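This is model.cif. It holds mmCIF, C-alpha atoms.
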```cif
data_data
#
loop_
_atom_site.label_atom_id
_atom_site.label_comp_id
_atom_site.auth_asym_id
_atom_site.auth_seq_id
_atom_site.Cartn_x
_atom_site.Cartn_y
_atom_site.Cartn_z
CA MET J 12 37.14 -70.29 -53.27
CA THR J 13 37.37 -73.77 -54.82
CA VAL J 14 35.80 -75.75 -51.99
CA ALA J 15 32.78 -73.47 -51.61
CA ARG J 16 31.42 -74.26 -55.06
CA PHE J 17 31.35 -77.95 -54.20
CA ASP J 18 29.24 -77.28 -51.11
CA LEU J 19 26.33 -75.65 -52.93
CA PHE J 20 23.12 -77.25 -51.68
CA GLY J 21 21.85 -78.11 -55.16
CA ARG J 22 25.08 -79.87 -56.07
CA LEU J 23 25.11 -81.83 -52.82
CA ILE J 24 21.57 -83.06 -53.54
CA TYR J 25 22.34 -83.95 -57.15
CA VAL J 26 25.56 -85.85 -56.42
CA ASN J 27 23.83 -87.75 -53.62
CA ALA J 28 21.09 -88.64 -56.10
CA LEU J 29 23.68 -89.91 -58.61
CA PHE J 30 25.28 -92.11 -55.96
CA ILE J 31 22.00 -93.51 -54.63
CA VAL J 32 20.58 -94.24 -58.09
CA GLY J 33 23.88 -95.82 -59.11
CA THR J 34 23.93 -98.19 -56.15
CA LEU J 35 20.18 -98.79 -55.92
CA GLY J 36 20.36 -102.17 -57.66
CA THR J 37 22.69 -103.52 -54.99
CA LEU J 38 20.70 -101.92 -52.16
CA ILE J 39 17.46 -103.66 -53.10
CA THR J 40 18.93 -107.00 -54.20
CA PRO J 41 16.41 -109.06 -52.16
CA ALA J 42 13.50 -107.32 -53.89
CA ILE J 43 15.10 -107.73 -57.33
CA LEU J 44 15.70 -111.44 -56.72
CA GLU J 45 12.07 -111.75 -55.70
CA SER J 46 11.03 -110.19 -59.04
CA TRP J 47 12.81 -113.05 -60.82
CA ALA J 48 11.05 -115.76 -58.81
CA THR J 49 8.79 -116.67 -61.74
CA LEU J 50 11.85 -117.41 -63.92
CA GLN J 51 12.64 -120.41 -61.72
CA TRP J 52 16.37 -119.79 -61.63
CA SER J 53 18.48 -121.69 -59.14
CA GLN J 54 19.99 -120.08 -56.06
CA THR J 55 23.39 -120.37 -57.71
CA GLN J 56 22.19 -118.46 -60.77
CA LEU J 57 20.60 -115.74 -58.65
CA GLY J 58 23.77 -115.47 -56.58
CA LEU J 59 25.87 -115.18 -59.74
CA VAL J 60 23.76 -112.30 -61.08
CA ALA J 61 24.01 -110.43 -57.77
CA ALA J 62 27.77 -111.06 -57.53
CA LEU J 63 28.38 -109.84 -61.09
CA GLU J 64 26.69 -106.54 -60.36
CA LEU J 65 28.80 -106.07 -57.22
CA VAL J 66 32.06 -106.94 -58.99
CA THR J 67 31.45 -104.61 -61.92
CA LEU J 68 30.35 -101.85 -59.54
CA ALA J 69 33.65 -102.27 -57.70
CA SER J 70 35.58 -102.20 -60.98
CA GLY J 71 33.83 -99.06 -62.17
CA SER J 72 34.52 -97.28 -58.90
CA LEU J 73 38.15 -98.40 -58.90
CA SER J 74 38.64 -96.90 -62.36
CA GLY J 75 38.04 -93.49 -60.76
CA LEU J 76 41.58 -93.62 -59.38
CA TYR J 77 42.73 -93.03 -62.96
CA TRP J 78 40.18 -90.64 -64.44
CA GLN J 79 38.83 -88.61 -61.49
CA ARG J 80 41.32 -85.78 -62.17
CA ARG J 81 41.58 -86.31 -65.94
CA TRP J 82 38.12 -86.75 -67.47
CA PRO J 83 35.11 -84.39 -67.38
CA TRP J 84 32.71 -85.66 -64.72
CA ARG J 85 29.62 -84.63 -66.68
CA HIS J 86 30.64 -86.78 -69.65
CA VAL J 87 31.28 -89.78 -67.40
CA ALA J 88 27.93 -89.25 -65.64
CA LEU J 89 26.07 -88.99 -68.95
CA VAL J 90 27.57 -92.24 -70.27
CA SER J 91 26.83 -93.95 -66.94
CA LEU J 92 23.19 -92.86 -66.80
CA VAL J 93 22.54 -93.85 -70.42
CA LEU J 94 24.22 -97.22 -69.85
CA ALA J 95 22.08 -97.77 -66.74
CA ILE J 96 18.89 -96.90 -68.65
CA VAL J 97 19.72 -99.29 -71.50
CA ALA J 98 20.76 -102.09 -69.13
CA ASN J 99 17.62 -101.82 -66.99
CA LEU J 100 15.50 -101.67 -70.14
CA ALA J 101 17.13 -104.92 -71.26
CA CYS J 102 16.03 -106.51 -67.97
CA VAL J 103 12.45 -105.47 -68.74
CA ILE J 104 12.47 -106.76 -72.32
CA GLN J 105 14.65 -109.87 -72.09
CA HIS J 106 14.57 -112.59 -69.42
CA SER J 107 17.33 -114.82 -70.77
CA PHE J 108 19.81 -115.66 -68.02
CA VAL J 109 22.81 -114.64 -70.16
CA ILE J 110 21.20 -111.34 -71.20
CA VAL J 111 20.28 -110.54 -67.59
CA CYS J 112 23.85 -111.31 -66.46
CA ILE J 113 25.23 -108.93 -69.09
CA ALA J 114 22.62 -106.27 -68.27
CA ARG J 115 23.21 -106.37 -64.51
CA SER J 116 26.97 -106.29 -65.10
CA ALA J 117 26.50 -103.17 -67.22
CA THR J 118 24.29 -101.65 -64.54
CA GLY J 119 26.96 -102.36 -61.94
CA LEU J 120 29.65 -100.73 -64.10
CA ALA J 121 27.48 -97.63 -64.57
CA GLY J 122 26.82 -97.50 -60.84
CA GLY J 123 30.54 -97.84 -60.09
CA LEU J 124 31.37 -94.87 -62.32
CA LEU J 125 28.73 -92.81 -60.52
CA CYS J 126 30.20 -93.94 -57.18
CA ALA J 127 33.60 -92.69 -58.33
CA ILE J 128 32.10 -89.30 -59.17
CA TYR J 129 30.51 -89.17 -55.72
CA SER J 130 33.83 -90.08 -54.09
CA ALA J 131 35.74 -87.44 -56.05
CA PHE J 132 33.10 -84.81 -55.27
CA LEU J 133 33.09 -85.81 -51.60
CA ALA J 134 36.87 -85.37 -51.40
CA ASN J 135 36.46 -81.70 -52.33
CA THR J 136 33.69 -80.76 -49.91
CA LYS J 137 34.20 -78.75 -46.75
CA SER J 138 32.65 -81.31 -44.35
CA PRO J 139 32.78 -84.74 -46.02
CA GLY J 140 31.83 -86.49 -42.78
CA LYS J 141 28.49 -84.70 -42.69
CA VAL J 142 27.84 -85.44 -46.37
CA ILE J 143 28.57 -89.14 -45.82
CA ALA J 144 26.25 -89.22 -42.81
CA VAL J 145 23.42 -87.59 -44.77
CA THR J 146 23.96 -89.97 -47.70
CA ASN J 147 23.79 -93.01 -45.42
CA PHE J 148 20.65 -91.69 -43.74
CA ILE J 149 18.90 -91.20 -47.10
CA MET J 150 20.08 -94.58 -48.42
CA ILE J 151 18.70 -96.41 -45.40
CA GLY J 152 15.33 -94.74 -45.86
CA ILE J 153 15.21 -95.51 -49.59
CA GLU J 154 16.33 -99.10 -49.03
CA ALA J 155 13.58 -99.65 -46.46
CA LEU J 156 11.00 -97.91 -48.67
CA PHE J 157 11.79 -100.00 -51.76
CA ILE J 158 11.85 -103.29 -49.87
CA PHE J 159 8.63 -102.60 -47.95
CA CYS J 160 6.87 -101.34 -51.11
CA ALA J 161 8.19 -104.05 -53.46
CA ALA J 162 4.97 -106.08 -53.26
CA THR J 163 2.88 -103.01 -54.17
CA VAL J 164 5.20 -102.22 -57.09
CA PHE J 165 4.85 -105.81 -58.36
CA GLN J 166 1.05 -105.58 -58.15
CA ARG J 167 0.80 -102.29 -60.04
CA LEU J 168 3.68 -102.46 -62.51
CA GLY J 169 4.32 -106.19 -62.70
CA PHE J 170 7.53 -107.99 -61.82
CA ASN J 171 9.47 -105.57 -64.04
CA GLY J 172 8.28 -102.64 -61.94
CA LEU J 173 11.54 -102.15 -60.05
CA PHE J 174 13.51 -101.90 -63.29
CA ILE J 175 10.97 -99.41 -64.69
CA LEU J 176 11.41 -97.25 -61.58
CA MET J 177 15.21 -97.38 -61.89
CA ILE J 178 14.96 -96.38 -65.56
CA ALA J 179 12.75 -93.41 -64.60
CA LEU J 180 15.11 -92.28 -61.81
CA SER J 181 18.14 -92.42 -64.14
CA ALA J 182 16.28 -90.56 -66.90
CA ILE J 183 15.27 -87.76 -64.51
CA LEU J 184 18.94 -87.09 -63.67
CA VAL J 185 20.12 -86.70 -67.29
CA PRO J 186 18.71 -83.19 -67.96
CA LEU J 187 20.21 -81.95 -64.67
CA LEU J 188 23.83 -82.82 -65.48
CA GLY J 189 24.71 -79.13 -65.60
CA VAL J 190 24.41 -79.05 -61.80
CA LEU J 191 27.43 -81.37 -61.49
CA PRO J 192 30.88 -79.70 -61.34
CA ARG J 193 32.87 -80.11 -64.55
CA GLY J 194 35.65 -82.02 -62.81
CA TRP J 195 38.34 -82.06 -60.16
CA PRO J 196 39.29 -78.47 -59.31
CA GLY J 197 42.54 -77.57 -61.04
CA GLY J 198 43.53 -81.22 -61.26
CA GLU J 199 44.99 -81.04 -57.77
CA ARG J 200 43.77 -81.58 -54.25
CA SER J 201 41.54 -78.75 -53.38
CA ASP J 202 42.02 -78.15 -49.71
CA ALA J 203 44.97 -77.53 -47.46
CA ARG J 204 43.40 -79.73 -44.80
CA HIS J 205 44.36 -82.82 -46.84
CA LEU J 206 47.81 -83.50 -45.48
CA SER J 207 48.83 -86.19 -47.98
CA GLY J 208 52.08 -84.73 -49.18
CA THR J 209 54.34 -87.09 -47.24
CA GLN J 210 54.92 -90.82 -47.42
CA LYS J 211 53.69 -91.17 -43.83
CA GLN J 212 50.35 -89.60 -44.75
CA SER J 213 50.05 -91.92 -47.76
CA LEU J 214 50.79 -94.93 -45.55
CA ILE J 215 47.98 -93.92 -43.21
CA GLY J 216 45.67 -93.65 -46.20
CA TYR J 217 46.52 -97.17 -47.38
CA LEU J 218 46.05 -98.61 -43.89
CA LEU J 219 42.64 -96.97 -43.65
CA LEU J 220 41.82 -98.32 -47.09
CA LEU J 221 42.73 -101.87 -46.07
CA ALA J 222 40.58 -101.51 -42.95
CA PHE J 223 37.48 -101.40 -45.15
CA VAL J 224 37.88 -105.09 -46.04
CA PRO J 225 37.41 -106.66 -42.57
CA TYR J 226 34.87 -103.98 -41.66
CA ILE J 227 32.68 -104.68 -44.69
CA MET J 228 33.05 -108.45 -44.22
CA VAL J 229 31.51 -108.12 -40.76
CA LEU J 230 28.80 -105.73 -41.91
CA THR J 231 27.58 -107.65 -44.96
CA GLY J 232 28.20 -111.09 -43.50
CA VAL J 233 26.28 -110.51 -40.29
CA TYR J 234 23.52 -108.49 -41.97
CA THR J 235 22.94 -111.25 -44.54
CA PHE J 236 22.33 -113.79 -41.78
CA LEU J 237 20.46 -111.64 -39.25
CA GLY J 238 17.35 -113.70 -39.93
CA GLU J 239 19.25 -116.90 -39.20
CA PHE J 240 20.64 -115.39 -35.99
CA GLY J 241 17.08 -114.50 -34.98
CA ARG J 242 16.04 -118.12 -35.43
CA LEU J 243 19.08 -119.59 -33.66
CA VAL J 244 19.58 -117.25 -30.70
CA ALA J 245 16.15 -115.67 -30.14
CA HIS J 246 14.06 -118.62 -31.43
CA LEU J 247 12.01 -116.39 -33.72
CA SER J 248 9.97 -117.56 -36.67
CA ALA J 249 10.97 -116.47 -40.18
CA GLU J 250 8.15 -113.89 -40.22
CA GLN J 251 9.12 -112.49 -36.80
CA SER J 252 12.78 -112.25 -37.82
CA LEU J 253 11.99 -110.35 -41.01
CA ARG J 254 9.68 -107.93 -39.21
CA THR J 255 12.25 -107.35 -36.47
CA ILE J 256 15.06 -106.78 -38.98
CA GLY J 257 12.90 -104.33 -40.93
CA ILE J 258 12.29 -102.27 -37.79
CA SER J 259 16.00 -102.40 -36.85
CA VAL J 260 16.99 -101.02 -40.27
CA VAL J 261 14.92 -97.91 -39.53
CA PHE J 262 16.64 -97.48 -36.16
CA SER J 263 20.05 -98.00 -37.77
CA SER J 264 19.74 -94.57 -39.38
CA LEU J 265 20.67 -93.18 -35.95
CA GLY J 266 24.24 -94.23 -36.75
CA SER J 267 24.31 -91.62 -39.50
CA VAL J 268 22.79 -89.06 -37.15
CA ALA J 269 25.49 -89.76 -34.55
CA ALA J 270 28.24 -89.40 -37.16
CA TYR J 271 26.73 -86.11 -38.36
CA VAL J 272 26.50 -84.67 -34.84
CA LEU J 273 30.03 -85.73 -33.84
CA ASN J 274 31.65 -84.69 -37.12
CA ASP J 275 34.71 -82.42 -36.60
CA ARG J 276 34.15 -82.49 -32.83
CA ALA J 277 35.78 -85.67 -31.56
CA GLY J 278 38.61 -86.36 -34.00
CA PHE J 279 38.90 -89.87 -35.47
CA VAL J 280 40.45 -92.10 -32.82
CA LEU J 281 37.67 -91.97 -30.22
CA PRO J 282 34.69 -92.37 -32.61
CA ILE J 283 36.33 -95.16 -34.63
CA GLY J 284 37.58 -96.99 -31.56
CA GLY J 285 34.24 -96.57 -29.82
CA ALA J 286 32.27 -97.79 -32.84
CA ILE J 287 34.51 -100.88 -33.21
CA ALA J 288 34.13 -101.67 -29.50
CA LEU J 289 30.34 -101.18 -29.62
CA THR J 290 30.02 -103.35 -32.74
CA GLY J 291 31.97 -106.15 -31.07
CA GLY J 292 30.04 -105.77 -27.82
CA MET J 293 26.67 -105.91 -29.56
CA MET J 294 27.74 -109.06 -31.44
CA PHE J 295 28.25 -110.69 -28.03
CA ALA J 296 24.92 -109.29 -26.83
CA MET J 297 23.06 -110.47 -29.93
CA ILE J 298 24.31 -114.03 -29.50
CA PHE J 299 24.23 -114.38 -25.71
CA ALA J 300 21.58 -111.89 -24.57
CA SER J 301 18.71 -112.11 -27.08
CA ARG J 302 16.20 -114.22 -25.20
CA SER J 303 13.18 -112.31 -26.48
CA THR J 304 12.06 -110.47 -29.60
CA SER J 305 12.48 -107.07 -27.94
CA LEU J 306 16.02 -107.87 -26.76
CA PHE J 307 16.97 -109.15 -30.19
CA LEU J 308 15.58 -105.96 -31.76
CA PHE J 309 17.48 -103.79 -29.28
CA ASN J 310 20.76 -105.65 -29.83
CA ILE J 311 20.71 -105.71 -33.63
CA SER J 312 19.58 -102.06 -33.76
CA LEU J 313 22.58 -100.94 -31.69
CA LEU J 314 24.80 -103.26 -33.73
CA GLN J 315 23.76 -101.58 -36.98
CA ILE J 316 23.94 -98.09 -35.49
CA ALA J 317 27.55 -98.81 -34.47
CA TRP J 318 28.72 -100.20 -37.79
CA ILE J 319 27.07 -97.43 -39.81
CA ALA J 320 28.74 -94.77 -37.67
CA LEU J 321 32.03 -96.67 -38.09
CA GLY J 322 31.67 -96.64 -41.88
CA CYS J 323 31.02 -92.89 -41.92
CA TYR J 324 34.14 -92.21 -39.86
CA LEU J 325 36.36 -94.55 -41.87
CA TYR J 326 35.44 -92.62 -45.02
CA SER J 327 35.99 -89.29 -43.27
CA ALA J 328 39.43 -90.33 -42.03
CA LEU J 329 40.43 -91.60 -45.46
CA ILE J 330 39.39 -88.32 -47.07
CA HIS J 331 41.33 -86.37 -44.45
CA TYR J 332 44.60 -88.26 -45.00
CA ASP J 333 44.41 -89.20 -48.70
CA ASN J 334 41.35 -88.05 -50.60
CA LEU J 335 42.52 -89.58 -53.90
CA LEU J 336 42.06 -93.10 -52.49
CA VAL J 337 38.32 -92.71 -51.80
CA PRO J 338 37.14 -94.46 -55.01
CA ALA J 339 39.22 -97.49 -54.04
CA ALA J 340 37.33 -97.69 -50.72
CA THR J 341 34.05 -98.20 -52.58
CA SER J 342 35.70 -100.93 -54.67
CA LEU J 343 37.14 -102.74 -51.68
CA SER J 344 33.78 -102.46 -49.95
CA SER J 345 32.08 -104.13 -52.93
CA PHE J 346 34.64 -106.93 -53.07
CA GLY J 347 34.37 -107.33 -49.30
CA SER J 348 30.59 -107.53 -49.61
CA ALA J 349 30.84 -110.32 -52.16
CA PHE J 350 33.23 -112.27 -49.90
CA GLY J 351 31.76 -111.41 -46.48
CA ALA J 352 28.40 -113.13 -46.84
CA GLY J 353 30.01 -116.33 -48.11
CA ALA J 354 32.64 -116.35 -45.36
CA VAL J 355 30.15 -115.77 -42.53
CA GLY J 356 27.76 -118.32 -44.05
CA PHE J 357 30.52 -120.95 -44.20
CA VAL J 358 31.61 -120.30 -40.60
CA LEU J 359 28.00 -120.26 -39.34
CA GLU J 360 27.19 -123.53 -41.11
CA HIS J 361 30.29 -125.43 -39.96
CA GLY J 362 31.02 -123.82 -36.59
CA GLY J 363 27.75 -122.34 -35.36
CA VAL J 364 27.17 -118.99 -33.69
CA THR J 365 30.21 -119.27 -31.39
CA ALA J 366 32.60 -119.71 -34.32
CA THR J 367 30.87 -116.83 -36.10
CA LEU J 368 31.43 -114.63 -33.07
CA ILE J 369 35.12 -115.55 -33.01
CA PHE J 370 35.40 -114.80 -36.75
CA THR J 371 33.69 -111.40 -36.54
CA THR J 372 35.65 -110.45 -33.42
CA GLY J 373 38.88 -111.24 -35.25
CA ALA J 374 37.80 -109.14 -38.24
CA LEU J 375 36.92 -106.22 -35.98
CA ALA J 376 40.24 -106.56 -34.17
CA LEU J 377 42.01 -106.38 -37.54
CA THR J 378 40.04 -103.23 -38.36
CA ALA J 379 41.21 -101.71 -35.08
CA ILE J 380 44.84 -102.73 -35.67
CA LEU J 381 44.83 -101.12 -39.11
CA THR J 382 43.29 -97.86 -37.93
CA ILE J 383 43.77 -96.92 -34.27
CA PRO J 384 47.62 -97.00 -33.97
CA ALA J 385 48.09 -95.14 -37.26
CA LEU J 386 45.51 -92.51 -36.33
CA ILE J 387 47.08 -91.97 -32.89
CA ARG J 388 50.54 -91.48 -34.44
CA ALA J 389 49.12 -89.16 -37.09
CA ARG J 390 47.37 -87.06 -34.45
CA GLN J 391 50.58 -86.80 -32.43
CA ALA J 392 52.51 -85.80 -35.56
CA GLU J 393 49.95 -83.11 -36.39
CA LYS J 394 50.24 -81.66 -32.87
CA ALA J 395 54.03 -81.65 -33.15
CA ILE J 396 54.04 -79.97 -36.57
CA ALA J 397 51.73 -77.10 -35.56
CA PRO J 398 54.14 -75.42 -33.06
CA THR J 399 57.05 -75.96 -35.45
CA LYS J 400 55.24 -74.10 -38.22
CA MET J 401 54.46 -71.25 -35.84
CA ALA J 402 58.11 -71.04 -34.76
CA ILE J 403 59.28 -70.89 -38.38
CA ALA J 404 56.84 -68.06 -39.01
CA VAL J 405 58.36 -65.95 -36.22
CA PRO J 406 61.17 -63.65 -37.54
CA ASN J 407 64.64 -64.30 -36.17
CA LEU J 408 65.24 -60.83 -34.76
CA GLY J 409 68.63 -59.68 -33.43
CA LEU J 410 70.66 -62.66 -34.66
CA ASN J 411 72.47 -60.88 -37.47
#
```

This entry written out as structure tokens:
Amino acid sequence: MTVARFDLFGRLIYVNALFIVGTLGTLITPAILESWATLQWSQTQLGLVAALELVTLASGSLSGLYWQRRWPWRHVALVSLVLAIVANLACVIQHSFVIVCIARSATGLAGGLLCAIYSAFLANTKSPGKVIAVTNFIMIGIEALFIFCAATVFQRLGFNGLFILMIALSAILVPLLGVLPRGWPGGERSDARHLSGTQKQSLIGYLLLLAFVPYIMVLTGVYTFLGEFGRLVAHLSAEQSLRTIGISVVFSSLGSVAAYVLNDRAGFVLPIGGAIALTGGMMFAMIFASRSTSLFLFNISLLQIAWIALGCYLYSALIHYDNLLVPAATSLSSFGSAFGAGAVGFVLEHGGVTATLIFTTGALALTAILTIPALIRARQAEKAIAPTKMAIAVPNLGLN
């Protein structure tokens, strides 16, 4: 059976490793920027380097829409890993701003290609929701580990230590390429549960795809300025905010756990609607009910749990209705990340926390508008089709 070979435990581990290594540079951006502190680059230059990596990652992932069913995945993965090794090596050897911009752009492109492989693989697994939840759980742990251990890495390996580690992780994956499936099974969608044969199904897929933009804008925008929110609404010092945010990131992994437990049990409408409502509610709580450090920690932990669970379910729903569009979701998420922090920063600076709350509430409402009505109609259509198919299957006896 085609799907079964994609659900082998070893392949699940390896493809998760490809995805995490490919996106690691964007996950630990604060630590990487800290490693360049001695170069005395301006904030604008640092922001440009980070943005270039995000944009090229999005472009690489978007390219998967073309090649995911045409090109051998192992060849694409090999080129991506080699490109990542060379690009990270360039960051170790050369510290020219132009060279670093080119190198991080190349790293982003390599990571985007690996993201596209992950998305294509995910679309052919039996329980993509569970795979997404596990991936998010692991990524949160690795992100926290790298950021908390960055100072130790700098002490032992120097300020190039993070790039040396990323080179090593990419190199380890090269000899194991044989674990990766050769490509998309048969060049077609692999599972009858993907009901994307009609225009209505495709429309649902595109609406879900568009929903990633406002969702990611809220996620990245608010997360970027959690420290500022801690100072403004909970009156925390910079050190207290950072410590509180670090603890909340650990708790946020419960969002992945919740998505894993509820997978295939509650449909899509209730979990997505509930996660959107909880995210919006915890934004209100964070701003108006964070009078102490413990309350602020509680509020931002629940906020992150909600938006991580929401992300898992948006991906699961997209795979269910149009699995070929999954690489585009990663691309839109990257573009949304690049725009979200700037948009929230602008609103926070010129309108304060109240204007930020209005902005994020509007973005969450747009996410709900793009998803909930379409999912309700799709669920009703699926219920209507099932009895019809059973009636067609029954022989018309005695009519001739």

Coordinates-based distance that separates atom CA of J:Trp318 from atom CA of J:Pro384 (Å, one decimal):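 Between atom CA of J:Pro384 and atom CA of J:Trp318 the gap is 19.5 Å.
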
Output check: residues returned by the PyMOL selection byres ((chain J and resi 340-342) around 6), as a list of chain:residue names: J:Ala69, J:Ser72, J:Leu73, J:Leu220, J:Val337, J:Pro338, J:Ala339, J:Leu343, J:Ser344, J:Ser345

Given all atoms listed in the file as the counted atoms, nearest of J:Thr146, J:Ser74, J:Gly284, J:Ser116 to J:Val32: J:Thr146

Near-stretch 37-39 of chain J list (10 Å; all atoms listed in the file; drop same-chain fewer than 2 positions) as a ChimeraX atom specification: /J:31-35,41-44,61-62,64-65,68,115,118-119,122,150-151,153-158,161,173,345

Which residue of J:Leu386, J:Leu89, J:Val261, J:Leu188 approaches J:Ala328 most closely, using only C-alpha atoms: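 Nearest candidate to J:Ala328 out of J:Leu386, J:Leu89, J:Val261, J:Leu188: J:Leu386.
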
Distance in Å - atom CA of J:Ile380 versus atom CA of J:Glu239: 29.5 Å

Close residues, stretch 356-372 of chain J itself excluded, 10 Å, only C-alpha atoms, min 4 positions apart in chain, as an MDAnalysis selection string: chainID J and resid 225:226 228:230 232:233 235:236 239:240 243:244 287:288 290:292 294:295 297:299 351:352 376:378

Point-to-point distance from atom CA of J:Thr49 to atom CA of J:Asn171, Å rounded to tenths: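 Between atom CA of J:Thr49 and atom CA of J:Asn171 the gap works out to 11.4 Å.
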
Hits of the PyMOL selection byres ((chain J and resi 98) around 10) in this structure, as a list in words: Leu92, Val93, Leu94, Ala95, Ile96, Val97, Asn99, Leu100, Ala101, Cys102, Val103, Ile110, Val111, Ile113, Ala114, Arg115, Ser116, Ala117, Thr118, Gly119, Ala121, Phe174 and Ile178 of chain J

Keeping C-alpha atoms for every residue in the selection just given, could you write it to a file as a PDB file, in the frame of the given file?
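The resulting selection.pdb:
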```pdb
ATOM      1  CA  LEU J  92      23.190 -92.860 -66.800  1.00  0.00           C
ATOM      2  CA  VAL J  93      22.540 -93.850 -70.420  1.00  0.00           C
ATOM      3  CA  LEU J  94      24.220 -97.220 -69.850  1.00  0.00           C
ATOM      4  CA  ALA J  95      22.080 -97.770 -66.740  1.00  0.00           C
ATOM      5  CA  ILE J  96      18.890 -96.900 -68.650  1.00  0.00           C
ATOM      6  CA  VAL J  97      19.720 -99.290 -71.500  1.00  0.00           C
ATOM      7  CA  ASN J  99      17.620-101.820 -66.990  1.00  0.00           C
ATOM      8  CA  LEU J 100      15.500-101.670 -70.140  1.00  0.00           C
ATOM      9  CA  ALA J 101      17.130-104.920 -71.260  1.00  0.00           C
ATOM     10  CA  CYS J 102      16.030-106.510 -67.970  1.00  0.00           C
ATOM     11  CA  VAL J 103      12.450-105.470 -68.740  1.00  0.00           C
ATOM     12  CA  ILE J 110      21.200-111.340 -71.200  1.00  0.00           C
ATOM     13  CA  VAL J 111      20.280-110.540 -67.590  1.00  0.00           C
ATOM     14  CA  ILE J 113      25.230-108.930 -69.090  1.00  0.00           C
ATOM     15  CA  ALA J 114      22.620-106.270 -68.270  1.00  0.00           C
ATOM     16  CA  ARG J 115      23.210-106.370 -64.510  1.00  0.00           C
ATOM     17  CA  SER J 116      26.970-106.290 -65.100  1.00  0.00           C
ATOM     18  CA  ALA J 117      26.500-103.170 -67.220  1.00  0.00           C
ATOM     19  CA  THR J 118      24.290-101.650 -64.540  1.00  0.00           C
ATOM     20  CA  GLY J 119      26.960-102.360 -61.940  1.00  0.00           C
ATOM     21  CA  ALA J 121      27.480 -97.630 -64.570  1.00  0.00           C
ATOM     22  CA  PHE J 174      13.510-101.900 -63.290  1.00  0.00           C
ATOM     23  CA  ILE J 178      14.960 -96.380 -65.560  1.00  0.00           C
TER      24      ILE J 178
END
```

How would you write, as a JSON list (two decimals) with C-alpha atoms, in the coordinates of the input, the residues chosen by the PyMOL selection byres ((chain J and resi 215) around 10) on this structure?
```json
[["chain", "number", "residue", "atom", "x", "y", "z"],
["J", 207, "SER", "CA", 48.83, -86.19, -47.98],
["J", 210, "GLN", "CA", 54.92, -90.82, -47.42],
["J", 211, "LYS", "CA", 53.69, -91.17, -43.83],
["J", 212, "GLN", "CA", 50.35, -89.60, -44.75],
["J", 213, "SER", "CA", 50.05, -91.92, -47.76],
["J", 214, "LEU", "CA", 50.79, -94.93, -45.55],
["J", 216, "GLY", "CA", 45.67, -93.65, -46.20],
["J", 217, "TYR", "CA", 46.52, -97.17, -47.38],
["J", 218, "LEU", "CA", 46.05, -98.61, -43.89],
["J", 219, "LEU", "CA", 42.64, -96.97, -43.65],
["J", 220, "LEU", "CA", 41.82, -98.32, -47.09],
["J", 221, "LEU", "CA", 42.73, -101.87, -46.07],
["J", 328, "ALA", "CA", 39.43, -90.33, -42.03],
["J", 329, "LEU", "CA", 40.43, -91.60, -45.46],
["J", 332, "TYR", "CA", 44.60, -88.26, -45.00],
["J", 333, "ASP", "CA", 44.41, -89.20, -48.70],
["J", 381, "LEU", "CA", 44.83, -101.12, -39.11],
["J", 382, "THR", "CA", 43.29, -97.86, -37.93],
["J", 384, "PRO", "CA", 47.62, -97.00, -33.97],
["J", 385, "ALA", "CA", 48.09, -95.14, -37.26],
["J", 386, "LEU", "CA", 45.51, -92.51, -36.33],
["J", 388, "ARG", "CA", 50.54, -91.48, -34.44],
["J", 389, "ALA", "CA", 49.12, -89.16, -37.09]]
```

Find the axis-aligned box for stretch 356-362 of chain J, covering all its listed atoms and adding 4 Å on each side, and write its centre and edge lengths in Å to one decimal as JSON.
```
{"center_x": 29.4, "center_y": -121.9, "center_z": -40.4, "size_x": 12.4, "size_y": 15.1, "size_z": 15.6}
```
